[in-house]
Amino acid sequence: MAASSQSDAGLRVSLEVEIPSDVAFIERVVDLVRHSCSELSFNSHQLALNVPVALSEALSNAILRGNLEDPAKRVLVRARVDDSRLVLEIADEGVRFDIDAKTRDATDPDNLEREDGRGLFLMRALMDHVERFDAGPVGTLGNVVRLTLARG
Amino acid sequence: MAASSQSDAGLRVSLEVEIPSDVAFIERVVDLVRHSCSELSFNSHQLALNVPVALSEALSNAILRGNLEDPAKRVLVRARVDDSRLVLEIADEGVRFDIDAKTRDATDPDNLEREDGRGLFLMRALMDHVERFDAGPVGTLGNVVRLTLARG
Amino acid sequence: MSFSIKKEGEIVVVDVEGQLIVGNRQELKQKVLDELERGEKKFLIDFAQTGYIDSSGLGVLVSLSKKIREQGGELRLANLNDDLKTLFELTKLDTLFQISDTRDRALSSF
Amino acid sequence: MSFSIKKEGEIVVVDVEGQLIVGNRQELKQKVLDELERGEKKFLIDFAQTGYIDSSGLGVLVSLSKKIREQGGELRLANLNDDLKTLFELTKLDTLFQISDTRDRALSSF
Ligand SMILES: Nc1ncnc2c1ncn2[C@@H]1O[C@H](COP(=O)(O)OP(=O)(O)O)[C@@H](O)[C@H]1O
Ligand SMILES: Nc1ncnc2c1ncn2[C@@H]1O[C@H](COP(=O)(O)OP(=O)(O)O)[C@@H](O)[C@H]1O
């Protein structure tokens with residue numbers, strides 16, 4: 001394709017996806033974000049591993065831990081991609097949480113045989129930055145988890 | 001995939017793509033928009049014909065007719081897709097034009113052997129609605145062409 | 001997207017792979033005009049591997065068809081899928097071109 | 001995404017087609033537990049056709065491996081591509097599982 005021999009400079013994509021609190025939507029959101037990154041020539045490992053896994057983790061946390069699968073609550077995903085990086089923001093409507101306190105070292109021998117608790121660990125391992133901030137002012141609900149990945 | 005047996009109700013995608021005034025970017029923008037529509041189960045003809053052709057026309061008009069390929073000018077594409085329809089807005093920074101006056105009937109025998117002038121005609125043939133409005137207040141530059149297509 | 005050209009007997013066959021749009025139509029035009037200049041007269045454009053065509057791509061086909069006719073040659077098209085057929089019908093260009101369902105039929109129709 | 005199960009000799013082979021994630025991992029778990037209940041002891045999960053795996057998918061593999069061991073059985077994994085290998089390495093799960101490069105090697109390792 002002429003497109004791939006073309007520089008990416010100046011192409012900027014931003015994507016907003018709103019879904020119900022239902023894990024069945026995760027795969028489609030991942031597809032959409034991954035497709036945007038592929039148009040900006042992110043490398044194959046980033047497209048097959050870092051982006052899909054980290055985003056899936058953030059989405060299932062938002063749906064299951066944040067919104068507790070409440071059908072009245074929604075998850076909003078914002079992805080901005082340009083020729084230097086991907087910035088993902090996953091917003092839920094749930095109770096705030098302390099991301100550092102909740103992150104477990106999955107490689108600790110005590111945790112190795114646990115079934116759960118690898119989500120935040122993997123996000124941090126697969127992304128350059130993982131941040132959490134409040135979605136709204138004091139007293140309101142909602143977490144935003146922001147994942148940043150430099151194009152490799 | 002579990003995804004395709006799943007209802008689309010409640011999934012909403014909005015995409016913003018900014019490109020330089022260079023026709024080499026058209027194919028990638030079309031791919032991105034088309035991919036969003038495919039996640040929302042638009043039908044195969046809409047994905048292979050209506051969406052790509054109408055959007056390509058609007059993009060090349062914005063780049064070639066609107067921005068006159070001026071490298072300082074940009075084209076902004078906004079796509080909103082949900083389970084009922086696609087709304088596309090293509091914004092340039094060029095001189096305003098009268099879309100009705102400029103639309104030619106491509107099937108008129110006088111026009112049949114012309115090389116150009118089928119763009120607006122095809123947009124209208126392939127989309128449910130085609131509108132043009134001013135990008136900013138009186139005295140400023142810029143056209144927005146809005147294309148709407150109900151999911152088939 | 002790319003265009004590959006080969007000869008089948010005395011017919012020049014062009015395969016359009018991917019899109020035929022404003023970004024690459026000049027390349028198709030130039031390739032066909034080069035062959036015309038070399039004295040070729042019979043042209044078949046095969047769309048079996050084509051995605052979508054925009055109005056500028058249609059425009060190039062119209063203009064090539066005119067130039068080929070002016071040199072006493074012929075242009076035929078083959079393998080338009082349903083969506084491409086619709087595109088030709090919407091613009092009535094199906095009345096301007098000789099269109100065959102298959103490449104073989106197109107080749108034997110010259 | 002889907003899981004297909006078949007017997008190769010006395011080994012139950014599961015192919016994971018597509019993703020193994022929170023939305024479908026219960027299905028995999030149930031299918032394997034059903035076989036275990038039926039008395040099967042040797043299990044091979046083949047990832048040749050797998051896309052990505054999330055932490056809940058990894059969690060299901062950990063829990064199946066435990067349950068199979070408790071019944072005196074064995075679970076082996078095969079055909080992890082480079083990205084899936086990285087995932088197992090990052091989580092040190094490569095130390096918990098018997099992982100073979102190919103299906104044949106996994107089958108003959110039981
Ligand atoms: N969006 C969220 N809202 C509320 N709590 C969260 C959220 N994301 C993570 N958590 C908390 O962090 C914990 C650890 O998350 P994670 O590492 O992904 O493992 P797991 O989800 O398997 O428990 C969760 O169990 C939950 O208590
Ligand atoms: N975005 C635009 N800005 C300015 N003029 C435009 C724009 N889009 C269309 N036009 C005008 O409308 C005319 C007809 O457009 P179209 O039907 O697409 O055919 P063509 O672009 O081949 O001339 C153009 O030649 C141009 O004068």
# chains A, B, ... in the order shown; residues from 1 in each chain; ligands from 1

call {"tool": "calpha_fit_and_write", "arguments": {"fixed": "chain A", "moving": "chain B", "output": "short mmCIF file (atom, residue, chain, number, x, y, z; two decimals) with N, CA and C atoms, in the first residue's frame"}}
result
data_model
loop_
_atom_site.label_atom_id
_atom_site.label_comp_id
_atom_site.auth_asym_id
_atom_site.auth_seq_id
_atom_site.Cartn_x
_atom_site.Cartn_y
_atom_site.Cartn_z
N MET B 1 0.90 -1.26 0.04
CA MET B 1 0.08 -0.06 0.02
C MET B 1 0.95 1.19 0.02
N ALA B 2 0.50 2.20 -0.70
CA ALA B 2 1.20 3.47 -0.69
C ALA B 2 1.28 3.98 0.74
N ALA B 3 0.22 3.73 1.50
CA ALA B 3 0.11 4.25 2.86
C ALA B 3 1.31 3.86 3.72
N SER B 4 1.75 2.62 3.62
CA SER B 4 2.77 2.18 4.56
C SER B 4 4.15 2.73 4.21
N SER B 5 4.34 3.15 2.98
CA SER B 5 5.63 3.71 2.62
C SER B 5 5.64 5.22 2.92
N GLN B 6 4.51 5.69 3.37
CA GLN B 6 4.27 7.11 3.62
C GLN B 6 4.61 7.41 5.09
N SER B 7 5.15 8.60 5.33
CA SER B 7 5.46 8.97 6.71
C SER B 7 4.17 9.16 7.51
N ASP B 8 4.27 8.95 8.82
CA ASP B 8 3.09 9.14 9.66
C ASP B 8 3.01 10.55 10.18
N ALA B 9 4.03 11.35 9.93
CA ALA B 9 4.10 12.68 10.51
C ALA B 9 2.84 13.45 10.17
N GLY B 10 2.20 13.99 11.19
CA GLY B 10 1.04 14.82 10.94
C GLY B 10 -0.28 14.08 11.04
N LEU B 11 -0.25 12.77 11.13
CA LEU B 11 -1.49 12.01 11.32
C LEU B 11 -1.75 11.90 12.82
N ARG B 12 -2.97 12.26 13.22
CA ARG B 12 -3.33 12.18 14.64
C ARG B 12 -4.72 11.59 14.73
N VAL B 13 -4.86 10.55 15.55
CA VAL B 13 -6.15 9.89 15.66
C VAL B 13 -6.60 9.98 17.10
N SER B 14 -7.86 10.36 17.30
CA SER B 14 -8.37 10.22 18.66
C SER B 14 -9.72 9.54 18.60
N LEU B 15 -9.87 8.60 19.51
CA LEU B 15 -10.97 7.67 19.45
C LEU B 15 -11.66 7.71 20.81
N GLU B 16 -12.99 7.77 20.79
CA GLU B 16 -13.73 7.66 22.04
C GLU B 16 -14.74 6.55 21.89
N VAL B 17 -14.72 5.62 22.81
CA VAL B 17 -15.66 4.50 22.73
C VAL B 17 -16.39 4.42 24.06
N GLU B 18 -17.70 4.35 23.98
CA GLU B 18 -18.51 4.22 25.18
C GLU B 18 -19.18 2.86 25.14
N ILE B 19 -19.06 2.12 26.22
CA ILE B 19 -19.67 0.78 26.27
C ILE B 19 -20.45 0.58 27.56
N PRO B 20 -21.40 -0.34 27.56
CA PRO B 20 -22.08 -0.73 28.80
C PRO B 20 -21.09 -1.50 29.67
N SER B 21 -21.45 -1.71 30.92
CA SER B 21 -20.56 -2.41 31.85
C SER B 21 -20.65 -3.92 31.64
N ASP B 22 -20.18 -4.36 30.50
CA ASP B 22 -20.33 -5.76 30.09
C ASP B 22 -19.02 -6.20 29.42
N VAL B 23 -18.40 -7.24 29.99
CA VAL B 23 -17.10 -7.67 29.47
C VAL B 23 -17.15 -8.16 28.02
N ALA B 24 -18.35 -8.45 27.52
CA ALA B 24 -18.46 -8.90 26.13
C ALA B 24 -18.03 -7.83 25.13
N PHE B 25 -17.94 -6.57 25.58
CA PHE B 25 -17.54 -5.51 24.66
C PHE B 25 -16.03 -5.30 24.58
N ILE B 26 -15.29 -5.93 25.50
CA ILE B 26 -13.85 -5.65 25.60
C ILE B 26 -13.12 -5.90 24.28
N GLU B 27 -13.41 -7.04 23.66
CA GLU B 27 -12.65 -7.41 22.47
C GLU B 27 -12.82 -6.38 21.35
N ARG B 28 -14.04 -5.84 21.21
CA ARG B 28 -14.25 -4.87 20.14
C ARG B 28 -13.54 -3.55 20.41
N VAL B 29 -13.50 -3.14 21.67
CA VAL B 29 -12.78 -1.91 21.99
C VAL B 29 -11.29 -2.11 21.70
N VAL B 30 -10.78 -3.26 22.11
CA VAL B 30 -9.36 -3.54 21.86
C VAL B 30 -9.06 -3.51 20.35
N ASP B 31 -9.93 -4.13 19.57
CA ASP B 31 -9.76 -4.12 18.11
C ASP B 31 -9.69 -2.71 17.54
N LEU B 32 -10.58 -1.86 18.00
CA LEU B 32 -10.63 -0.49 17.49
C LEU B 32 -9.36 0.27 17.82
N VAL B 33 -8.92 0.16 19.05
CA VAL B 33 -7.72 0.88 19.47
C VAL B 33 -6.50 0.33 18.76
N ARG B 34 -6.45 -0.98 18.67
CA ARG B 34 -5.32 -1.62 18.02
C ARG B 34 -5.24 -1.20 16.55
N HIS B 35 -6.40 -1.11 15.92
CA HIS B 35 -6.41 -0.71 14.52
C HIS B 35 -5.88 0.71 14.35
N SER B 36 -6.25 1.59 15.26
CA SER B 36 -5.72 2.97 15.19
C SER B 36 -4.20 2.96 15.33
N CYS B 37 -3.71 2.16 16.27
CA CYS B 37 -2.26 2.10 16.47
C CYS B 37 -1.56 1.50 15.25
N SER B 38 -2.22 0.55 14.60
CA SER B 38 -1.56 -0.07 13.44
C SER B 38 -1.48 0.92 12.28
N GLU B 39 -2.45 1.81 12.16
CA GLU B 39 -2.36 2.84 11.11
C GLU B 39 -1.19 3.78 11.38
N LEU B 40 -0.76 3.84 12.63
CA LEU B 40 0.38 4.69 12.96
C LEU B 40 1.66 3.88 13.16
N SER B 41 1.69 2.70 12.58
CA SER B 41 2.90 1.88 12.56
C SER B 41 3.51 1.60 13.92
N PHE B 42 2.70 1.34 14.93
CA PHE B 42 3.26 0.80 16.16
C PHE B 42 3.82 -0.58 15.82
N ASN B 43 4.80 -1.05 16.60
CA ASN B 43 5.42 -2.31 16.19
C ASN B 43 4.56 -3.52 16.52
N SER B 44 4.92 -4.65 15.95
CA SER B 44 4.04 -5.82 16.02
C SER B 44 3.86 -6.33 17.45
N HIS B 45 4.89 -6.19 18.29
CA HIS B 45 4.72 -6.65 19.68
C HIS B 45 3.77 -5.72 20.43
N GLN B 46 3.89 -4.43 20.16
CA GLN B 46 2.98 -3.49 20.81
C GLN B 46 1.54 -3.77 20.39
N LEU B 47 1.36 -4.13 19.11
CA LEU B 47 0.01 -4.39 18.61
C LEU B 47 -0.56 -5.72 19.08
N ALA B 48 0.34 -6.70 19.32
CA ALA B 48 -0.14 -8.03 19.67
C ALA B 48 -0.13 -8.29 21.17
N LEU B 49 0.70 -7.52 21.90
CA LEU B 49 0.85 -7.82 23.33
C LEU B 49 0.53 -6.60 24.20
N ASN B 50 1.37 -5.57 24.11
CA ASN B 50 1.26 -4.45 25.05
C ASN B 50 -0.11 -3.79 25.04
N VAL B 51 -0.53 -3.37 23.85
CA VAL B 51 -1.78 -2.62 23.77
C VAL B 51 -2.99 -3.49 24.12
N PRO B 52 -3.17 -4.65 23.49
CA PRO B 52 -4.38 -5.41 23.81
C PRO B 52 -4.44 -5.89 25.25
N VAL B 53 -3.32 -6.36 25.79
CA VAL B 53 -3.39 -6.90 27.16
C VAL B 53 -3.61 -5.78 28.17
N ALA B 54 -2.83 -4.71 28.07
CA ALA B 54 -2.98 -3.63 29.06
C ALA B 54 -4.39 -3.02 28.99
N LEU B 55 -4.89 -2.83 27.78
CA LEU B 55 -6.23 -2.24 27.65
C LEU B 55 -7.31 -3.20 28.15
N SER B 56 -7.17 -4.49 27.84
CA SER B 56 -8.14 -5.47 28.38
C SER B 56 -8.19 -5.43 29.90
N GLU B 57 -7.02 -5.34 30.52
CA GLU B 57 -6.96 -5.30 31.98
C GLU B 57 -7.69 -4.07 32.52
N ALA B 58 -7.40 -2.93 31.92
CA ALA B 58 -8.02 -1.70 32.40
C ALA B 58 -9.53 -1.75 32.20
N LEU B 59 -9.96 -2.31 31.07
CA LEU B 59 -11.39 -2.41 30.81
C LEU B 59 -12.07 -3.38 31.77
N SER B 60 -11.45 -4.53 32.01
CA SER B 60 -12.16 -5.45 32.90
C SER B 60 -12.18 -4.91 34.32
N ASN B 61 -11.14 -4.22 34.73
CA ASN B 61 -11.20 -3.58 36.05
C ASN B 61 -12.31 -2.53 36.12
N ALA B 62 -12.41 -1.72 35.06
CA ALA B 62 -13.44 -0.67 35.07
C ALA B 62 -14.84 -1.29 35.12
N ILE B 63 -15.04 -2.36 34.38
CA ILE B 63 -16.36 -3.00 34.29
C ILE B 63 -16.67 -3.79 35.57
N LEU B 64 -15.69 -4.61 36.02
CA LEU B 64 -15.96 -5.54 37.12
C LEU B 64 -15.70 -4.92 38.48
N ARG B 65 -14.57 -4.19 38.62
CA ARG B 65 -14.21 -3.63 39.93
C ARG B 65 -14.80 -2.25 40.12
N GLY B 66 -14.73 -1.42 39.10
CA GLY B 66 -15.24 -0.06 39.20
C GLY B 66 -16.76 -0.06 39.17
N ASN B 67 -17.33 -0.40 38.04
CA ASN B 67 -18.79 -0.32 37.86
C ASN B 67 -19.56 -1.52 38.39
N LEU B 68 -18.83 -2.53 38.88
CA LEU B 68 -19.47 -3.73 39.43
C LEU B 68 -20.56 -4.27 38.51
N GLU B 69 -20.32 -4.17 37.23
CA GLU B 69 -21.25 -4.65 36.20
C GLU B 69 -22.65 -4.05 36.31
N ASP B 70 -22.75 -2.91 36.93
CA ASP B 70 -24.04 -2.21 37.04
C ASP B 70 -24.48 -1.75 35.64
N PRO B 71 -25.64 -2.25 35.16
CA PRO B 71 -26.05 -1.90 33.79
C PRO B 71 -26.36 -0.41 33.62
N ALA B 72 -26.55 0.29 34.70
CA ALA B 72 -26.80 1.73 34.59
C ALA B 72 -25.49 2.51 34.40
N LYS B 73 -24.37 1.85 34.67
CA LYS B 73 -23.08 2.55 34.57
C LYS B 73 -22.38 2.23 33.25
N ARG B 74 -21.60 3.20 32.75
CA ARG B 74 -20.93 3.04 31.47
C ARG B 74 -19.42 3.18 31.64
N VAL B 75 -18.71 2.65 30.70
CA VAL B 75 -17.26 2.82 30.66
C VAL B 75 -16.91 3.62 29.41
N LEU B 76 -16.08 4.64 29.60
CA LEU B 76 -15.68 5.48 28.48
C LEU B 76 -14.18 5.31 28.24
N VAL B 77 -13.83 5.03 27.01
CA VAL B 77 -12.41 4.85 26.67
C VAL B 77 -12.02 5.95 25.70
N ARG B 78 -10.93 6.61 26.01
CA ARG B 78 -10.42 7.63 25.11
C ARG B 78 -9.02 7.22 24.69
N ALA B 79 -8.77 7.21 23.41
CA ALA B 79 -7.43 6.85 22.92
C ALA B 79 -6.94 7.97 22.03
N ARG B 80 -5.77 8.48 22.30
CA ARG B 80 -5.15 9.45 21.38
C ARG B 80 -3.87 8.82 20.86
N VAL B 81 -3.72 8.83 19.55
CA VAL B 81 -2.55 8.20 18.95
C VAL B 81 -1.93 9.16 17.95
N ASP B 82 -0.65 9.37 18.05
CA ASP B 82 0.04 10.10 16.99
C ASP B 82 1.34 9.38 16.69
N ASP B 83 2.23 10.03 15.95
CA ASP B 83 3.43 9.31 15.53
C ASP B 83 4.44 9.15 16.66
N SER B 84 4.15 9.68 17.86
CA SER B 84 5.09 9.44 18.95
C SER B 84 4.54 8.50 20.02
N ARG B 85 3.20 8.55 20.28
CA ARG B 85 2.74 7.68 21.37
C ARG B 85 1.24 7.45 21.38
N LEU B 86 0.85 6.51 22.22
CA LEU B 86 -0.55 6.21 22.48
C LEU B 86 -0.85 6.61 23.91
N VAL B 87 -1.94 7.37 24.09
CA VAL B 87 -2.41 7.67 25.44
C VAL B 87 -3.84 7.14 25.57
N LEU B 88 -4.03 6.24 26.51
CA LEU B 88 -5.34 5.63 26.72
C LEU B 88 -5.91 6.09 28.05
N GLU B 89 -7.16 6.49 28.07
CA GLU B 89 -7.82 6.80 29.34
C GLU B 89 -9.09 5.98 29.46
N ILE B 90 -9.19 5.23 30.54
CA ILE B 90 -10.33 4.35 30.75
C ILE B 90 -11.06 4.87 31.99
N ALA B 91 -12.30 5.32 31.79
CA ALA B 91 -13.04 5.95 32.89
C ALA B 91 -14.21 5.08 33.31
N ASP B 92 -14.33 4.87 34.63
CA ASP B 92 -15.51 4.16 35.15
C ASP B 92 -16.30 5.10 36.04
N GLU B 93 -17.39 4.60 36.62
CA GLU B 93 -18.22 5.43 37.50
C GLU B 93 -18.26 4.83 38.89
N GLY B 94 -17.17 4.18 39.28
CA GLY B 94 -17.17 3.45 40.55
C GLY B 94 -16.45 4.20 41.67
N VAL B 95 -16.36 3.51 42.81
CA VAL B 95 -15.70 4.05 44.00
C VAL B 95 -14.19 4.17 43.74
N ARG B 96 -13.61 5.24 44.23
CA ARG B 96 -12.18 5.45 44.01
C ARG B 96 -11.33 4.38 44.67
N PHE B 97 -10.17 4.14 44.09
CA PHE B 97 -9.27 3.15 44.69
C PHE B 97 -7.84 3.65 44.62
N ASP B 98 -7.01 3.05 45.48
CA ASP B 98 -5.60 3.45 45.57
C ASP B 98 -4.78 2.49 44.72
N ILE B 99 -4.34 2.97 43.57
CA ILE B 99 -3.74 2.06 42.61
C ILE B 99 -2.41 1.48 43.10
N ASP B 100 -1.65 2.29 43.86
CA ASP B 100 -0.36 1.76 44.33
C ASP B 100 -0.57 0.68 45.38
N ALA B 101 -1.50 0.96 46.29
CA ALA B 101 -1.76 -0.02 47.35
C ALA B 101 -2.30 -1.33 46.78
N LYS B 102 -3.01 -1.24 45.67
CA LYS B 102 -3.66 -2.43 45.10
C LYS B 102 -2.77 -3.22 44.15
N THR B 103 -1.61 -2.64 43.78
CA THR B 103 -0.75 -3.36 42.84
C THR B 103 0.06 -4.42 43.58
N ARG B 104 -0.05 -5.65 43.10
CA ARG B 104 0.67 -6.76 43.71
C ARG B 104 1.80 -7.21 42.80
N ASP B 105 2.91 -7.63 43.38
CA ASP B 105 3.99 -8.20 42.57
C ASP B 105 3.62 -9.63 42.20
N ALA B 106 3.25 -9.81 40.94
CA ALA B 106 2.79 -11.13 40.50
C ALA B 106 3.90 -12.17 40.54
N THR B 107 5.16 -11.71 40.55
CA THR B 107 6.27 -12.67 40.50
C THR B 107 6.73 -13.10 41.89
N ASP B 108 6.14 -12.49 42.92
CA ASP B 108 6.45 -12.90 44.28
C ASP B 108 5.98 -14.35 44.46
N PRO B 109 6.87 -15.24 45.01
CA PRO B 109 6.51 -16.66 45.13
C PRO B 109 5.16 -16.86 45.83
N ASP B 110 4.80 -15.98 46.76
CA ASP B 110 3.51 -16.11 47.45
C ASP B 110 2.33 -15.89 46.52
N ASN B 111 2.57 -15.13 45.43
CA ASN B 111 1.46 -14.78 44.54
C ASN B 111 1.39 -15.66 43.29
N LEU B 112 2.48 -16.42 43.06
CA LEU B 112 2.61 -17.09 41.77
C LEU B 112 1.44 -18.02 41.47
N GLU B 113 0.90 -18.67 42.49
CA GLU B 113 -0.18 -19.62 42.23
C GLU B 113 -1.58 -19.03 42.48
N ARG B 114 -1.63 -17.71 42.66
CA ARG B 114 -2.93 -17.05 42.81
C ARG B 114 -3.65 -17.02 41.46
N GLU B 115 -4.97 -17.08 41.50
CA GLU B 115 -5.72 -17.01 40.25
C GLU B 115 -5.86 -15.56 39.79
N ASP B 116 -5.99 -14.63 40.72
CA ASP B 116 -6.26 -13.24 40.32
C ASP B 116 -5.11 -12.31 40.71
N GLY B 117 -5.30 -11.03 40.51
CA GLY B 117 -4.35 -10.04 41.00
C GLY B 117 -3.17 -9.75 40.10
N ARG B 118 -3.25 -10.10 38.83
CA ARG B 118 -2.15 -9.78 37.92
C ARG B 118 -2.44 -8.59 37.00
N GLY B 119 -3.63 -7.99 37.12
CA GLY B 119 -4.04 -6.98 36.16
C GLY B 119 -3.19 -5.71 36.22
N LEU B 120 -3.15 -5.08 37.38
CA LEU B 120 -2.38 -3.83 37.51
C LEU B 120 -0.90 -4.11 37.27
N PHE B 121 -0.42 -5.25 37.76
CA PHE B 121 0.97 -5.62 37.53
C PHE B 121 1.29 -5.67 36.03
N LEU B 122 0.42 -6.32 35.26
CA LEU B 122 0.66 -6.42 33.82
C LEU B 122 0.57 -5.05 33.12
N MET B 123 -0.40 -4.23 33.54
CA MET B 123 -0.48 -2.89 32.94
C MET B 123 0.85 -2.16 33.11
N ARG B 124 1.38 -2.23 34.31
CA ARG B 124 2.65 -1.53 34.57
C ARG B 124 3.81 -2.15 33.79
N ALA B 125 3.77 -3.46 33.63
CA ALA B 125 4.86 -4.12 32.91
C ALA B 125 4.79 -3.82 31.41
N LEU B 126 3.60 -3.59 30.90
CA LEU B 126 3.42 -3.48 29.45
C LEU B 126 3.34 -2.05 28.93
N MET B 127 3.13 -1.10 29.84
CA MET B 127 3.00 0.30 29.43
C MET B 127 4.15 1.11 30.02
N ASP B 128 4.42 2.26 29.40
CA ASP B 128 5.48 3.13 29.93
C ASP B 128 5.03 3.85 31.20
N HIS B 129 3.76 4.25 31.23
CA HIS B 129 3.23 4.92 32.42
C HIS B 129 1.82 4.42 32.70
N VAL B 130 1.54 4.25 34.00
CA VAL B 130 0.17 3.93 34.43
C VAL B 130 -0.18 4.89 35.55
N GLU B 131 -1.22 5.67 35.35
CA GLU B 131 -1.65 6.63 36.37
C GLU B 131 -3.13 6.44 36.64
N ARG B 132 -3.56 6.80 37.85
CA ARG B 132 -5.00 6.82 38.14
C ARG B 132 -5.34 8.20 38.66
N PHE B 133 -6.41 8.77 38.20
CA PHE B 133 -6.86 10.01 38.84
C PHE B 133 -8.37 10.01 38.96
N ASP B 134 -8.88 10.99 39.74
CA ASP B 134 -10.31 11.06 39.98
C ASP B 134 -11.01 11.58 38.74
N ALA B 135 -12.13 10.96 38.40
CA ALA B 135 -12.87 11.38 37.21
C ALA B 135 -13.53 12.74 37.42
N GLY B 136 -13.90 13.07 38.64
CA GLY B 136 -14.58 14.35 38.90
C GLY B 136 -14.13 14.94 40.22
N PRO B 137 -14.77 16.03 40.66
CA PRO B 137 -14.35 16.71 41.89
C PRO B 137 -14.61 15.88 43.15
N VAL B 138 -14.01 16.31 44.24
CA VAL B 138 -14.15 15.63 45.53
C VAL B 138 -15.61 15.29 45.80
N GLY B 139 -15.84 14.07 46.28
CA GLY B 139 -17.20 13.70 46.64
C GLY B 139 -17.96 12.99 45.53
N THR B 140 -17.39 13.02 44.30
CA THR B 140 -18.06 12.30 43.20
C THR B 140 -17.40 10.94 43.00
N LEU B 141 -18.04 10.11 42.21
CA LEU B 141 -17.50 8.78 41.92
C LEU B 141 -16.66 8.82 40.65
N GLY B 142 -15.95 7.72 40.40
CA GLY B 142 -15.31 7.58 39.10
C GLY B 142 -13.79 7.64 39.12
N ASN B 143 -13.20 6.64 38.46
CA ASN B 143 -11.75 6.58 38.29
C ASN B 143 -11.40 6.73 36.82
N VAL B 144 -10.29 7.40 36.57
CA VAL B 144 -9.73 7.38 35.23
C VAL B 144 -8.35 6.72 35.34
N VAL B 145 -8.13 5.68 34.56
CA VAL B 145 -6.80 5.06 34.51
C VAL B 145 -6.18 5.48 33.19
N ARG B 146 -4.99 6.08 33.27
CA ARG B 146 -4.33 6.54 32.04
C ARG B 146 -3.09 5.70 31.75
N LEU B 147 -3.06 5.14 30.57
CA LEU B 147 -1.94 4.30 30.14
C LEU B 147 -1.22 5.00 29.00
N THR B 148 0.09 5.08 29.08
CA THR B 148 0.85 5.74 28.01
C THR B 148 1.91 4.79 27.47
N LEU B 149 2.01 4.75 26.15
CA LEU B 149 3.02 3.90 25.51
C LEU B 149 3.66 4.64 24.35
N ALA B 150 4.98 4.79 24.39
CA ALA B 150 5.69 5.41 23.26
C ALA B 150 5.71 4.45 22.10
N ARG B 151 5.54 4.97 20.90
CA ARG B 151 5.58 4.12 19.71
C ARG B 151 6.95 3.50 19.58
N GLY B 152 6.98 2.19 19.38
CA GLY B 152 8.29 1.50 19.34
C GLY B 152 8.67 1.18 17.91
#

call {"tool": "residues_around", "arguments": {"residues": "region 6-11 of chain C", "least_positions_apart": "5", "cutoff": "9 Å", "atoms": "only C-alpha atoms", "output": "list in words"}}
result
Glu40, Lys41, Lys42, Phe43, Leu44, Leu107 and Phe110 of chain C

call {"tool": "write_last_selection", "arguments": {"atoms": "all heavy atoms", "output": "short mmCIF file (atom, residue, chain, number, x, y, z; two decimals), in the first residue's frame"}}
result
data_model
loop_
_atom_site.label_atom_id
_atom_site.label_comp_id
_atom_site.auth_asym_id
_atom_site.auth_seq_id
_atom_site.Cartn_x
_atom_site.Cartn_y
_atom_site.Cartn_z
N GLU C 40 0.71 -0.45 -28.49
CA GLU C 40 -0.31 -1.42 -28.09
C GLU C 40 -1.71 -0.86 -28.38
O GLU C 40 -1.93 0.34 -28.28
CB GLU C 40 -0.20 -1.74 -26.59
CG GLU C 40 1.13 -2.35 -26.16
CD GLU C 40 1.36 -3.73 -26.77
OE1 GLU C 40 0.39 -4.33 -27.27
OE2 GLU C 40 2.53 -4.18 -26.77
N LYS C 41 -2.63 -1.78 -28.71
CA LYS C 41 -3.98 -1.32 -29.07
C LYS C 41 -5.08 -1.93 -28.20
O LYS C 41 -6.15 -1.36 -28.08
CB LYS C 41 -4.30 -1.70 -30.55
CG LYS C 41 -3.42 -1.02 -31.58
CD LYS C 41 -3.99 0.34 -31.97
CE LYS C 41 -3.18 1.05 -33.05
NZ LYS C 41 -2.28 2.09 -32.49
N LYS C 42 -4.83 -3.12 -27.67
CA LYS C 42 -5.88 -3.82 -26.93
C LYS C 42 -5.57 -3.85 -25.44
O LYS C 42 -4.51 -4.35 -25.04
CB LYS C 42 -6.03 -5.24 -27.47
CG LYS C 42 -6.48 -5.25 -28.93
CD LYS C 42 -6.62 -6.64 -29.48
CE LYS C 42 -7.15 -6.55 -30.93
NZ LYS C 42 -7.22 -7.85 -31.57
N PHE C 43 -6.50 -3.34 -24.65
CA PHE C 43 -6.26 -3.21 -23.21
C PHE C 43 -7.39 -3.84 -22.41
O PHE C 43 -8.57 -3.62 -22.71
CB PHE C 43 -6.14 -1.74 -22.82
CG PHE C 43 -4.92 -1.08 -23.37
CD1 PHE C 43 -4.93 -0.52 -24.65
CD2 PHE C 43 -3.74 -1.03 -22.63
CE1 PHE C 43 -3.79 0.09 -25.17
CE2 PHE C 43 -2.60 -0.43 -23.14
CZ PHE C 43 -2.63 0.14 -24.42
N LEU C 44 -7.00 -4.60 -21.40
CA LEU C 44 -7.98 -5.15 -20.48
C LEU C 44 -7.57 -4.74 -19.06
O LEU C 44 -6.44 -4.98 -18.64
CB LEU C 44 -8.01 -6.68 -20.58
CG LEU C 44 -8.75 -7.42 -19.46
CD1 LEU C 44 -10.21 -7.01 -19.39
CD2 LEU C 44 -8.64 -8.94 -19.68
N LEU C 107 -10.96 -11.54 -22.48
CA LEU C 107 -9.85 -11.80 -23.42
C LEU C 107 -10.37 -12.31 -24.76
O LEU C 107 -9.87 -11.91 -25.82
CB LEU C 107 -8.88 -12.83 -22.82
CG LEU C 107 -8.00 -12.30 -21.68
CD1 LEU C 107 -7.24 -13.45 -21.01
CD2 LEU C 107 -7.02 -11.25 -22.22
N PHE C 110 -12.18 -9.72 -27.61
CA PHE C 110 -11.50 -8.72 -28.46
C PHE C 110 -11.57 -9.10 -29.93
O PHE C 110 -11.57 -10.29 -30.25
CB PHE C 110 -10.02 -8.58 -28.05
CG PHE C 110 -9.83 -7.66 -26.87
CD1 PHE C 110 -9.83 -8.16 -25.59
CD2 PHE C 110 -9.66 -6.28 -27.06
CE1 PHE C 110 -9.63 -7.34 -24.50
CE2 PHE C 110 -9.47 -5.46 -25.96
CZ PHE C 110 -9.46 -5.98 -24.67
#
